[in-house]
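> Provided below: input-v6.csv, containing CSV, C-alpha atoms.
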chain,number,residue,atom,x,y,z
T,1,MET,CA,2.4,-1.4,-23.9
T,2,PHE,CA,-1.4,-1.0,-24.4
T,3,PRO,CA,-3.1,0.1,-27.6
T,4,LYS,CA,-3.2,3.9,-27.7
T,5,SER,CA,-6.9,4.4,-27.3
T,6,PHE,CA,-6.9,1.9,-24.5
T,7,GLN,CA,-4.1,3.7,-22.7
T,8,LYS,CA,-5.9,7.0,-23.1
T,9,LEU,CA,-9.0,5.8,-21.3
T,10,ILE,CA,-6.7,4.2,-18.6
T,11,ASP,CA,-5.1,7.7,-18.2
T,12,HIS,CA,-8.6,9.2,-17.7
T,13,PHE,CA,-9.4,6.8,-15.0
T,14,ALA,CA,-6.0,7.0,-13.4
T,15,SER,CA,-6.4,10.8,-13.0
T,16,LEU,CA,-9.4,10.3,-10.7
T,17,PRO,CA,-8.9,10.4,-6.9
T,18,SER,CA,-8.0,7.1,-5.2
T,19,VAL,CA,-7.6,5.3,-8.6
T,20,GLY,CA,-4.0,4.2,-9.2
T,21,PRO,CA,-2.6,3.2,-12.6
T,22,LYS,CA,-3.0,-0.5,-11.8
T,23,MET,CA,-6.6,-0.1,-10.8
T,24,ALA,CA,-7.3,2.0,-13.9
T,25,GLU,CA,-6.0,-0.8,-16.1
T,26,ARG,CA,-8.3,-3.3,-14.4
T,27,LEU,CA,-11.3,-0.9,-14.7
T,28,VAL,CA,-10.8,-0.4,-18.4
T,29,LEU,CA,-10.3,-4.1,-19.1
T,30,HIS,CA,-13.5,-4.7,-17.2
T,31,LEU,CA,-15.4,-2.0,-19.2
T,32,TRP,CA,-14.1,-3.4,-22.4
T,33,LYS,CA,-16.1,-6.5,-21.7
T,34,TYR,CA,-19.4,-4.5,-21.4
T,35,ASP,CA,-21.7,-4.7,-24.3
T,36,GLN,CA,-21.8,-1.5,-26.4
T,37,GLU,CA,-25.3,-0.5,-25.2
T,38,LYS,CA,-24.1,-0.4,-21.6
T,39,LEU,CA,-21.0,1.6,-22.6
T,40,ASP,CA,-23.1,4.0,-24.5
T,41,ASP,CA,-25.4,4.5,-21.5
T,42,PHE,CA,-22.4,5.0,-19.2
T,43,SER,CA,-20.7,7.5,-21.5
T,44,GLN,CA,-23.8,9.5,-22.1
T,45,ASP,CA,-24.5,9.9,-18.4
T,46,LEU,CA,-20.9,11.0,-18.0
T,47,GLN,CA,-21.1,13.5,-20.8
T,48,GLY,CA,-24.4,14.9,-19.5
T,49,LEU,CA,-23.2,15.2,-15.9
T,50,LYS,CA,-22.8,18.9,-15.9
T,51,ARG,CA,-25.8,19.6,-18.2
T,52,ASN,CA,-28.3,18.3,-15.7
T,53,ILE,CA,-26.8,19.2,-12.3
T,54,HIS,CA,-26.2,22.7,-11.0
T,55,PHE,CA,-25.5,24.4,-7.7
T,56,CYS,CA,-28.6,25.2,-5.5
T,57,SER,CA,-29.0,28.9,-5.8
T,58,GLN,CA,-29.5,29.2,-2.0
T,59,CYS,CA,-27.2,26.7,-0.3
T,60,PHE,CA,-24.8,25.6,-3.1
T,61,ASN,CA,-25.7,21.9,-2.7
T,62,ILE,CA,-25.9,20.0,-6.0
T,63,SER,CA,-29.3,20.2,-7.5
T,64,GLU,CA,-31.3,19.4,-10.6
T,65,ASN,CA,-33.4,22.5,-10.2
T,66,GLY,CA,-32.8,26.1,-9.1
T,67,LEU,CA,-33.3,25.1,-5.4
T,68,CYS,CA,-32.1,21.8,-4.1
T,69,ALA,CA,-34.6,19.3,-2.6
T,70,ILE,CA,-33.7,20.4,1.0
T,71,CYS,CA,-34.1,24.1,0.4
T,72,ALA,CA,-37.3,23.6,-1.5
T,73,ASP,CA,-38.8,21.5,1.4
T,74,LYS,CA,-40.9,24.0,3.4
T,75,LYS,CA,-41.2,21.4,6.2
T,76,ARG,CA,-37.5,21.8,7.1
T,77,GLU,CA,-36.7,24.1,10.0
T,78,GLN,CA,-36.0,27.4,8.3
T,79,ASN,CA,-34.2,28.9,11.3
T,80,THR,CA,-31.2,26.6,11.5
T,81,ILE,CA,-28.3,26.5,8.9
T,82,CYS,CA,-25.7,23.8,9.0
T,83,VAL,CA,-22.4,24.8,7.3
T,84,VAL,CA,-20.5,22.1,5.5
T,85,GLU,CA,-17.4,21.9,3.3
T,86,GLU,CA,-18.9,19.9,0.5
T,87,PRO,CA,-22.1,18.3,-0.8
T,88,LEU,CA,-21.1,14.7,0.3
T,89,ASP,CA,-21.1,16.0,3.9
T,90,ILE,CA,-24.8,16.7,3.6
T,91,ILE,CA,-25.5,13.1,2.5
T,92,ALA,CA,-23.7,11.8,5.6
T,93,LEU,CA,-25.5,14.3,7.9
T,94,GLU,CA,-28.9,13.5,6.3
T,95,LYS,CA,-28.4,9.8,7.0
T,96,THR,CA,-28.5,10.5,10.8
T,97,ARG,CA,-32.0,12.1,10.5
T,98,ARG,CA,-31.0,14.4,13.3
T,99,MET,CA,-30.4,17.5,11.2
T,100,ARG,CA,-33.8,19.1,10.5
T,101,GLY,CA,-32.7,22.6,9.2
T,102,LEU,CA,-31.1,23.9,6.1
T,103,TYR,CA,-27.5,23.6,4.8
T,104,HIS,CA,-24.9,25.8,3.3
T,105,VAL,CA,-22.0,24.4,1.3
T,106,LEU,CA,-18.8,26.4,1.5
T,107,GLY,CA,-17.0,24.5,-1.3
T,108,GLY,CA,-13.8,23.6,0.7
T,109,THR,CA,-11.9,25.3,3.5
T,110,ILE,CA,-10.3,28.7,3.7
T,111,ASN,CA,-6.8,27.2,3.1
T,112,ALA,CA,-7.9,24.7,0.5
T,113,PRO,CA,-10.9,25.7,-1.6
T,114,ASP,CA,-12.2,22.8,-3.8
T,115,ASP,CA,-11.9,24.9,-6.9
T,116,LYS,CA,-9.4,27.7,-7.1
T,117,ASN,CA,-11.5,29.7,-9.5
T,118,ASN,CA,-14.5,29.5,-7.3
T,119,PRO,CA,-14.1,31.3,-3.9
T,120,LEU,CA,-15.8,29.9,-0.8
T,121,LYS,CA,-19.4,30.8,-0.4
T,122,ILE,CA,-18.8,32.9,2.7
T,123,ASN,CA,-20.3,36.1,1.6
T,124,GLU,CA,-23.4,34.2,0.5
T,125,LEU,CA,-23.7,32.7,3.9
T,126,ILE,CA,-23.5,36.1,5.6
T,127,THR,CA,-26.1,37.4,3.3
T,128,ARG,CA,-28.4,34.5,4.1
T,129,LEU,CA,-27.8,35.0,7.9
T,130,LYS,CA,-28.6,38.7,7.6
T,131,SER,CA,-31.7,38.4,5.5
T,132,GLY,CA,-33.3,35.4,7.1
T,133,ASN,CA,-34.8,34.6,10.5
T,134,ILE,CA,-31.8,32.4,11.4
T,135,GLU,CA,-31.4,31.4,15.1
T,136,GLU,CA,-28.6,28.9,15.0
T,137,VAL,CA,-25.6,28.2,12.7
T,138,ILE,CA,-24.1,24.7,13.2
T,139,ILE,CA,-20.6,24.7,11.8
T,140,ALA,CA,-19.9,21.2,10.5
T,141,THR,CA,-16.6,21.6,8.8
T,142,ASN,CA,-14.2,18.6,9.1
T,143,PRO,CA,-12.4,18.0,12.4
T,144,THR,CA,-9.0,18.7,10.7
T,145,THR,CA,-6.6,21.7,11.0
T,146,GLU,CA,-8.2,23.3,7.9
T,147,GLY,CA,-11.7,22.6,9.0
T,148,GLU,CA,-11.0,24.0,12.5
T,149,ALA,CA,-9.4,27.2,11.1
T,150,THR,CA,-12.4,27.7,8.8
T,151,ALA,CA,-14.8,27.2,11.8
T,152,LEU,CA,-13.0,29.8,13.9
T,153,TYR,CA,-12.9,32.2,10.9
T,154,LEU,CA,-16.7,31.8,10.4
T,155,ALA,CA,-17.5,32.1,14.1
T,156,ARG,CA,-15.7,35.5,14.1
T,157,LEU,CA,-17.8,36.7,11.1
T,158,VAL,CA,-21.1,35.4,12.5
T,159,ARG,CA,-20.7,36.5,16.1
T,160,PRO,CA,-21.6,40.2,15.5
T,161,LEU,CA,-24.9,39.0,14.0
T,162,ASN,CA,-26.1,37.8,17.3
T,163,ILE,CA,-26.9,34.3,16.1
T,164,LYS,CA,-26.2,31.2,18.2
T,165,ILE,CA,-23.1,29.4,16.8
T,166,THR,CA,-22.4,25.8,17.5
T,167,ARG,CA,-19.8,23.3,16.3
T,168,LEU,CA,-20.2,19.5,16.0
T,169,ALA,CA,-18.8,17.7,19.1
T,170,ARG,CA,-15.3,16.3,19.1
T,171,GLY,CA,-14.8,13.0,21.0
T,172,LEU,CA,-14.4,9.3,20.8
T,173,PRO,CA,-16.1,7.7,17.8
T,174,THR,CA,-18.8,5.1,18.7
T,175,GLY,CA,-17.3,1.6,18.8
T,176,GLY,CA,-13.9,3.1,19.3
T,177,ASP,CA,-11.3,2.0,21.8
T,178,ILE,CA,-9.7,4.4,24.2
T,179,GLU,CA,-6.4,2.4,24.2
T,180,TYR,CA,-6.0,3.0,20.4
T,181,ALA,CA,-7.5,6.5,20.2
T,182,ASP,CA,-5.0,9.1,19.0
T,183,GLU,CA,-3.9,12.0,21.3
T,184,ALA,CA,-5.9,14.7,19.6
T,185,THR,CA,-9.2,12.7,19.7
T,186,LEU,CA,-8.7,11.7,23.3
T,187,SER,CA,-7.9,15.4,24.2
T,188,GLY,CA,-11.1,16.4,22.5
T,189,ALA,CA,-13.1,13.8,24.4
T,190,ILE,CA,-11.6,15.0,27.7
T,191,GLU,CA,-12.2,18.7,27.0
T,192,GLY,CA,-15.8,18.0,25.8
T,193,ARG,CA,-16.7,15.7,28.6
T,194,ARG,CA,-20.3,15.9,29.8
T,195,GLU,CA,-21.9,15.4,33.2
T,196,LEU,CA,-24.0,12.2,33.5
S,1,MET,CA,-30.6,11.7,-1.8
S,2,PHE,CA,-28.7,12.7,-4.9
S,3,PRO,CA,-30.4,14.1,-8.1
S,4,LYS,CA,-31.4,11.2,-10.3
S,5,SER,CA,-28.9,11.7,-13.1
S,6,PHE,CA,-26.1,12.1,-10.6
S,7,GLN,CA,-27.2,8.8,-8.8
S,8,LYS,CA,-27.3,7.0,-12.2
S,9,LEU,CA,-23.7,7.8,-12.9
S,10,ILE,CA,-22.7,6.9,-9.3
S,11,ASP,CA,-24.4,3.5,-9.9
S,12,HIS,CA,-22.3,3.0,-13.1
S,13,PHE,CA,-19.1,3.6,-11.2
S,14,ALA,CA,-20.2,1.6,-8.2
S,15,SER,CA,-20.7,-1.4,-10.4
S,16,LEU,CA,-17.0,-1.4,-11.4
S,17,PRO,CA,-14.7,-3.8,-9.6
S,18,SER,CA,-13.0,-2.4,-6.4
S,19,VAL,CA,-15.2,0.7,-6.5
S,20,GLY,CA,-17.6,0.9,-3.5
S,21,PRO,CA,-20.7,3.2,-3.4
S,22,LYS,CA,-18.8,5.8,-1.2
S,23,MET,CA,-15.9,6.0,-3.6
S,24,ALA,CA,-18.3,6.2,-6.6
S,25,GLU,CA,-19.9,9.3,-5.0
S,26,ARG,CA,-16.6,10.9,-4.6
S,27,LEU,CA,-15.5,10.1,-8.2
S,28,VAL,CA,-18.7,11.6,-9.6
S,29,LEU,CA,-18.4,14.7,-7.5
S,30,HIS,CA,-14.9,15.1,-8.7
S,31,LEU,CA,-15.9,14.6,-12.4
S,32,TRP,CA,-18.6,17.1,-12.0
S,33,LYS,CA,-16.0,19.8,-11.5
S,34,TYR,CA,-14.3,18.9,-14.8
S,35,ASP,CA,-14.9,21.4,-17.6
S,36,GLN,CA,-17.2,20.1,-20.3
S,37,GLU,CA,-14.5,19.6,-22.8
S,38,LYS,CA,-12.6,17.2,-20.6
S,39,LEU,CA,-15.9,15.3,-19.8
S,40,ASP,CA,-16.6,15.0,-23.6
S,41,ASP,CA,-13.2,13.6,-24.2
S,42,PHE,CA,-13.5,11.1,-21.4
S,43,SER,CA,-17.0,10.0,-22.4
S,44,GLN,CA,-16.0,9.7,-26.1
S,45,ASP,CA,-13.0,7.5,-25.2
S,46,LEU,CA,-15.3,5.4,-23.1
S,47,GLN,CA,-17.9,5.0,-25.8
S,48,GLY,CA,-15.3,4.2,-28.4
S,49,LEU,CA,-13.5,1.6,-26.3
S,50,LYS,CA,-14.9,-1.5,-28.0
S,51,ARG,CA,-14.8,0.2,-31.5
S,52,ASN,CA,-11.1,0.5,-31.6
S,53,ILE,CA,-9.9,-2.5,-29.6
S,54,HIS,CA,-10.2,-6.2,-30.6
S,55,PHE,CA,-8.8,-9.5,-29.7
S,56,CYS,CA,-5.5,-10.4,-31.5
S,57,SER,CA,-6.5,-13.1,-33.9
S,58,GLN,CA,-3.6,-15.3,-32.9
S,59,CYS,CA,-3.0,-14.9,-29.2
S,60,PHE,CA,-6.3,-13.2,-28.0
S,61,ASN,CA,-4.4,-10.3,-26.4
S,62,ILE,CA,-6.0,-6.9,-26.8
S,63,SER,CA,-5.1,-5.2,-30.1
S,64,GLU,CA,-5.9,-2.3,-32.3
S,65,ASN,CA,-5.2,-4.4,-35.4
S,66,GLY,CA,-5.7,-8.0,-36.5
S,67,LEU,CA,-2.5,-9.1,-34.9
S,68,CYS,CA,-1.3,-7.6,-31.6
S,69,ALA,CA,2.0,-5.8,-31.4
S,70,ILE,CA,3.8,-8.8,-29.9
S,71,CYS,CA,2.5,-11.4,-32.5
S,72,ALA,CA,3.3,-8.9,-35.3
S,73,ASP,CA,6.9,-8.5,-34.1
S,74,LYS,CA,8.9,-11.0,-36.1
S,75,LYS,CA,11.9,-10.5,-33.8
S,76,ARG,CA,10.2,-12.3,-30.9
S,77,GLU,CA,11.1,-16.0,-30.5
S,78,GLN,CA,8.5,-17.8,-32.5
S,79,ASN,CA,9.1,-21.1,-30.8
S,80,THR,CA,8.0,-20.3,-27.3
S,81,ILE,CA,4.4,-19.6,-26.2
S,82,CYS,CA,3.6,-18.3,-22.7
S,83,VAL,CA,0.0,-19.1,-21.6
S,84,VAL,CA,-1.7,-16.5,-19.4
S,85,GLU,CA,-5.1,-16.0,-18.0
S,86,GLU,CA,-5.7,-12.4,-19.1
S,87,PRO,CA,-4.1,-9.5,-21.0
S,88,LEU,CA,-3.0,-7.7,-17.9
S,89,ASP,CA,-0.7,-10.7,-17.1
S,90,ILE,CA,1.1,-10.0,-20.4
S,91,ILE,CA,1.8,-6.4,-19.3
S,92,ALA,CA,3.4,-7.6,-16.0
S,93,LEU,CA,5.5,-10.3,-17.7
S,94,GLU,CA,6.7,-7.9,-20.5
S,95,LYS,CA,7.9,-5.5,-17.8
S,96,THR,CA,10.4,-8.1,-16.7
S,97,ARG,CA,11.9,-8.2,-20.2
S,98,ARG,CA,12.7,-11.8,-19.7
S,99,MET,CA,9.9,-13.2,-21.8
S,100,ARG,CA,11.1,-13.2,-25.4
S,101,GLY,CA,8.5,-15.4,-27.1
S,102,LEU,CA,4.8,-15.2,-27.9
S,103,TYR,CA,1.8,-15.3,-25.6
S,104,HIS,CA,-1.6,-17.0,-25.6
S,105,VAL,CA,-4.5,-15.5,-23.5
S,106,LEU,CA,-6.9,-18.1,-22.2
S,107,GLY,CA,-9.5,-15.6,-20.9
S,108,GLY,CA,-9.7,-16.9,-17.4
S,109,THR,CA,-9.4,-20.4,-15.8
S,110,ILE,CA,-11.3,-23.6,-16.4
S,111,ASN,CA,-13.4,-23.1,-13.3
S,112,ALA,CA,-13.9,-19.3,-13.7
S,113,PRO,CA,-13.9,-18.0,-17.3
S,114,ASP,CA,-13.8,-14.2,-17.5
S,115,ASP,CA,-16.9,-14.3,-19.8
S,116,LYS,CA,-19.4,-17.1,-19.6
S,117,ASN,CA,-20.4,-16.6,-23.2
S,118,ASN,CA,-16.9,-16.9,-24.4
S,119,PRO,CA,-15.1,-20.2,-23.7
S,120,LEU,CA,-11.4,-20.4,-22.8
S,121,LYS,CA,-9.2,-20.3,-25.9
S,122,ILE,CA,-7.8,-23.8,-25.3
S,123,ASN,CA,-8.7,-25.3,-28.7
S,124,GLU,CA,-7.0,-22.3,-30.3
S,125,LEU,CA,-3.9,-23.0,-28.2
S,126,ILE,CA,-3.8,-26.6,-29.3
S,127,THR,CA,-4.2,-25.6,-32.9
S,128,ARG,CA,-1.3,-23.1,-32.6
S,129,LEU,CA,0.9,-25.8,-31.0
S,130,LYS,CA,0.1,-28.4,-33.7
S,131,SER,CA,0.6,-26.0,-36.6
S,132,GLY,CA,3.6,-24.1,-35.5
S,133,ASN,CA,7.2,-24.9,-34.7
S,134,ILE,CA,6.7,-24.6,-31.0
S,135,GLU,CA,9.4,-26.0,-28.7
S,136,GLU,CA,8.2,-24.8,-25.3
S,137,VAL,CA,4.9,-23.9,-23.6
S,138,ILE,CA,5.4,-21.8,-20.4
S,139,ILE,CA,2.2,-22.0,-18.3
S,140,ALA,CA,1.8,-18.7,-16.5
S,141,THR,CA,-1.6,-19.1,-15.0
S,142,ASN,CA,-2.0,-17.6,-11.5
S,143,PRO,CA,-0.6,-19.5,-8.5
S,144,THR,CA,-4.1,-20.0,-7.2
S,145,THR,CA,-6.3,-23.2,-6.9
S,146,GLU,CA,-8.0,-22.3,-10.2
S,147,GLY,CA,-4.7,-21.4,-11.9
S,148,GLU,CA,-3.1,-24.6,-10.8
S,149,ALA,CA,-6.1,-26.7,-11.9
S,150,THR,CA,-5.9,-25.0,-15.3
S,151,ALA,CA,-2.2,-25.6,-15.6
S,152,LEU,CA,-2.5,-29.3,-14.8
S,153,TYR,CA,-5.4,-29.6,-17.3
S,154,LEU,CA,-3.4,-27.8,-20.0
S,155,ALA,CA,-0.3,-29.9,-19.3
S,156,ARG,CA,-2.3,-33.1,-19.8
S,157,LEU,CA,-3.5,-31.8,-23.2
S,158,VAL,CA,-0.1,-30.6,-24.4
S,159,ARG,CA,2.0,-33.6,-23.2
S,160,PRO,CA,1.0,-35.9,-26.2
S,161,LEU,CA,2.3,-33.2,-28.6
S,162,ASN,CA,5.8,-33.8,-27.4
S,163,ILE,CA,6.4,-30.2,-26.6
S,164,LYS,CA,8.4,-29.1,-23.5
S,165,ILE,CA,6.0,-27.8,-20.8
S,166,THR,CA,7.2,-25.5,-18.0
S,167,ARG,CA,5.4,-23.6,-15.2
S,168,LEU,CA,6.5,-20.4,-13.5
S,169,ALA,CA,8.4,-21.2,-10.3
S,170,ARG,CA,6.6,-21.0,-6.9
S,171,GLY,CA,8.7,-19.7,-4.0
S,172,LEU,CA,9.4,-16.8,-1.7
S,173,PRO,CA,8.7,-13.3,-3.3
S,174,THR,CA,11.8,-11.1,-3.5
S,175,GLY,CA,12.0,-8.9,-0.4
S,176,GLY,CA,9.7,-11.3,1.5
S,177,ASP,CA,10.3,-12.5,5.0
S,178,ILE,CA,10.4,-16.2,5.8
S,179,GLU,CA,8.9,-15.6,9.2
S,180,TYR,CA,5.8,-14.1,7.7
S,181,ALA,CA,5.5,-16.3,4.6
S,182,ASP,CA,2.3,-18.3,4.5
S,183,GLU,CA,2.5,-22.1,4.6
S,184,ALA,CA,1.7,-22.7,0.9
S,185,THR,CA,4.3,-20.3,-0.2
S,186,LEU,CA,6.9,-21.7,2.1
S,187,SER,CA,6.0,-25.3,1.0
S,188,GLY,CA,6.4,-24.2,-2.6
S,189,ALA,CA,9.8,-22.7,-1.8
S,190,ILE,CA,11.0,-25.9,-0.1
S,191,GLU,CA,9.8,-28.2,-2.9
S,192,GLY,CA,11.3,-26.0,-5.6
S,193,ARG,CA,14.7,-25.5,-3.9
S,194,ARG,CA,17.7,-25.3,-6.2
S,195,GLU,CA,21.2,-26.3,-5.8
S,196,LEU,CA,23.7,-23.4,-5.3
Show the structure stored in the file as C-alpha cells.


Amino acid sequence: MFPKSFQKLIDHFASLPSVGPKMAERLVLHLWKYDQEKLDDFSQDLQGLKRNIHFCSQCFNISENGLCAICADKKREQNTICVVEEPLDIIALEKTRRMRGLYHVLGGTINAPDDKNNPLKINELITRLKSGNIEEVIIATNPTTEGEATALYLARLVRPLNIKITRLARGLPTGGDIEYADEATLSGAIEGRREL
Amino acid sequence: MFPKSFQKLIDHFASLPSVGPKMAERLVLHLWKYDQEKLDDFSQDLQGLKRNIHFCSQCFNISENGLCAICADKKREQNTICVVEEPLDIIALEKTRRMRGLYHVLGGTINAPDDKNNPLKINELITRLKSGNIEEVIIATNPTTEGEATALYLARLVRPLNIKITRLARGLPTGGDIEYADEATLSGAIEGRREL
C-alpha cells in the first residue's frame, strides 16, 4: 500500500517495543514532514548510538567513558551495592535521591536475560563483593516471579561472603487503594507490616 | 542522568507523537542492543525518507513517482474523487475495497492544516473538478468538528460546479453497543436512519 522505502521505515519502527504497525505509520508520516536537516541529525544520532556508549567496566551501567558517572563519583558510598536488572532501573532509583551507594546491572533475570549472547553479570558481582569493602548488597530486581527468583538465587550466592543482603520492600504503592490492591500486593503488605 | 548522546537520541524519540519520555528511554535502550548493521540500515532509511518520497502531483498522496500508484492506475474509476485529510486515511479506505475511484489529500482541515507553511490543497481540488469528467465528490474528512466544518466549506465550493457531493455516513460503529454509544454518535445514527 505504501511506497517501498516508506514501508521499510515503518517496519523498522514497528519492530520496536510498544510500537504497533498503526503507530509506526503515524510516526513515519510525522517524520516525513521534518526538514532534511532535522532528519539528518536524528539519523546520525541513531547511527552513532553504539559508537559513543559502552558498558561501565565496573557496574555495567551505560556510560560514555570506561567508568560510568556513578562509579567515577568518589563521594558515593563505596560500601553499598544496589543490584538492578537494567540501566533504566538506576534512573528510577536515582530520582528518589535515597540511594547513595553504587550499582550493579545484571542485564536481565536468570530466566530471561536481556541478551541471550550476553550472560548475566553475576560472576562480576561476586568478584566485586569479594575484592571490595562492601557491607551491604541491596537487591532491587523487579517484584515479579523472575525478579524474585533472581533475588533468591543471588542471596544464596552472597550469603557465604558474610555481607548484609537486603531486598526492596513489597507493599502498597503510595496513593494506592486497599480495595483495589491485587492479592499478591496485599499479601506482601501484610507480611511486611511494620510497628508504628 | 544519561550520557549526552544517549539523551539526545531520547529527545528525538520523545518529540514524536504518542511517544512519552519514559517510552523514548526504553526505545533507545532497546536500539542500543541492535547490532551496528541494523542501526546503519535504520538510520539510512530514516535519512533517505524525504529523498525517495514525494507528493503525488495529482492527488497529493505520498508517492515514489510523479503520480501515486492509485492515480497511475487507469482501471480506477476516473469520475469519482474521494477527499481525505491525510494519506493514512487513504490506506484505511483502500482496505475496505469499496472505494474504486481516485483520491484527493487536503493536508489537514481548514482550522488545523497539518503544515502551516503548506496551505490545504483546495484550489488544486477545484481545478481537478473543473478540468476532469468528475461525477461525484465523496467528502471523507474525519467526523470531528474540524472535519465537519471542512466538509461544509468544501460542499459550498463544489456545489456551483454541478457535481454530486456525498459525505461518509455517520452512525453506530459495527460491533458497537447502543447503551454505550455517545450522544453525538447516536444522534447521527437516528438522523441517518434508513428504510429496511

> What are the residues of chain S that have an atom within 9 Å of an atom of chain T, counting all atoms listed in the file, as number ranges by chain?

S: 1-6, 8-9, 12-13, 16-18, 23, 25-36, 39-53, 62-64, 68-69, 87-88, 91, 94, 115

> Please provide the set of residues having any atom within 12 Å of stretch 125-134 of chain T, restricted to all atoms listed in the file, with same-chain residues fewer than 3 positions apart removed, written as a PyMOL selection string.

chain T and resi 57-60+77-84+101-107+120-122+137-139+154-165

> When distances are computed from all atoms listed in the file, which of T:Tyr153, T:Asn123, T:Ala72, T:Pro143 shows the smallest separation from T:Asn111?

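Of all the options, T:Tyr153 lies closest to T:Asn111.
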
> Any idea what's packed within 10 Å of S:Glu146, counting all atoms listed in the file, ignoring anything in its chain fewer than 5 positions away? Could you give it as a PyMOL selection string?

chain S and resi 108-112+141+151

> Taking all atoms listed in the file into account, name the residue in T:Ser15, T:Asn118, T:Asn142, T:Thr150 that is nearest to T:Ala169.

T:Asn142

> Just the number, please: distance in Å from atom CA of S:Arg170 to atom CA of S:Gly188, one decimal.

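We find that atom CA of S:Arg170 and atom CA of S:Gly188 lie 5.4 Å from each other.
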
> Record the distance separating atom CA of T:Glu124 and atom CA of T:Arg167, expressed in Å with one decimal.

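If I compute the distance from atom CA of T:Glu124 to atom CA of T:Arg167, I get 19.5 Å.
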
> Take atom CA of T:Ala149 and atom CA of T:Pro113 and report the distance between them in Å, one decimal.

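About the pair atom CA of T:Ala149 and atom CA of T:Pro113: they are 12.9 Å apart.
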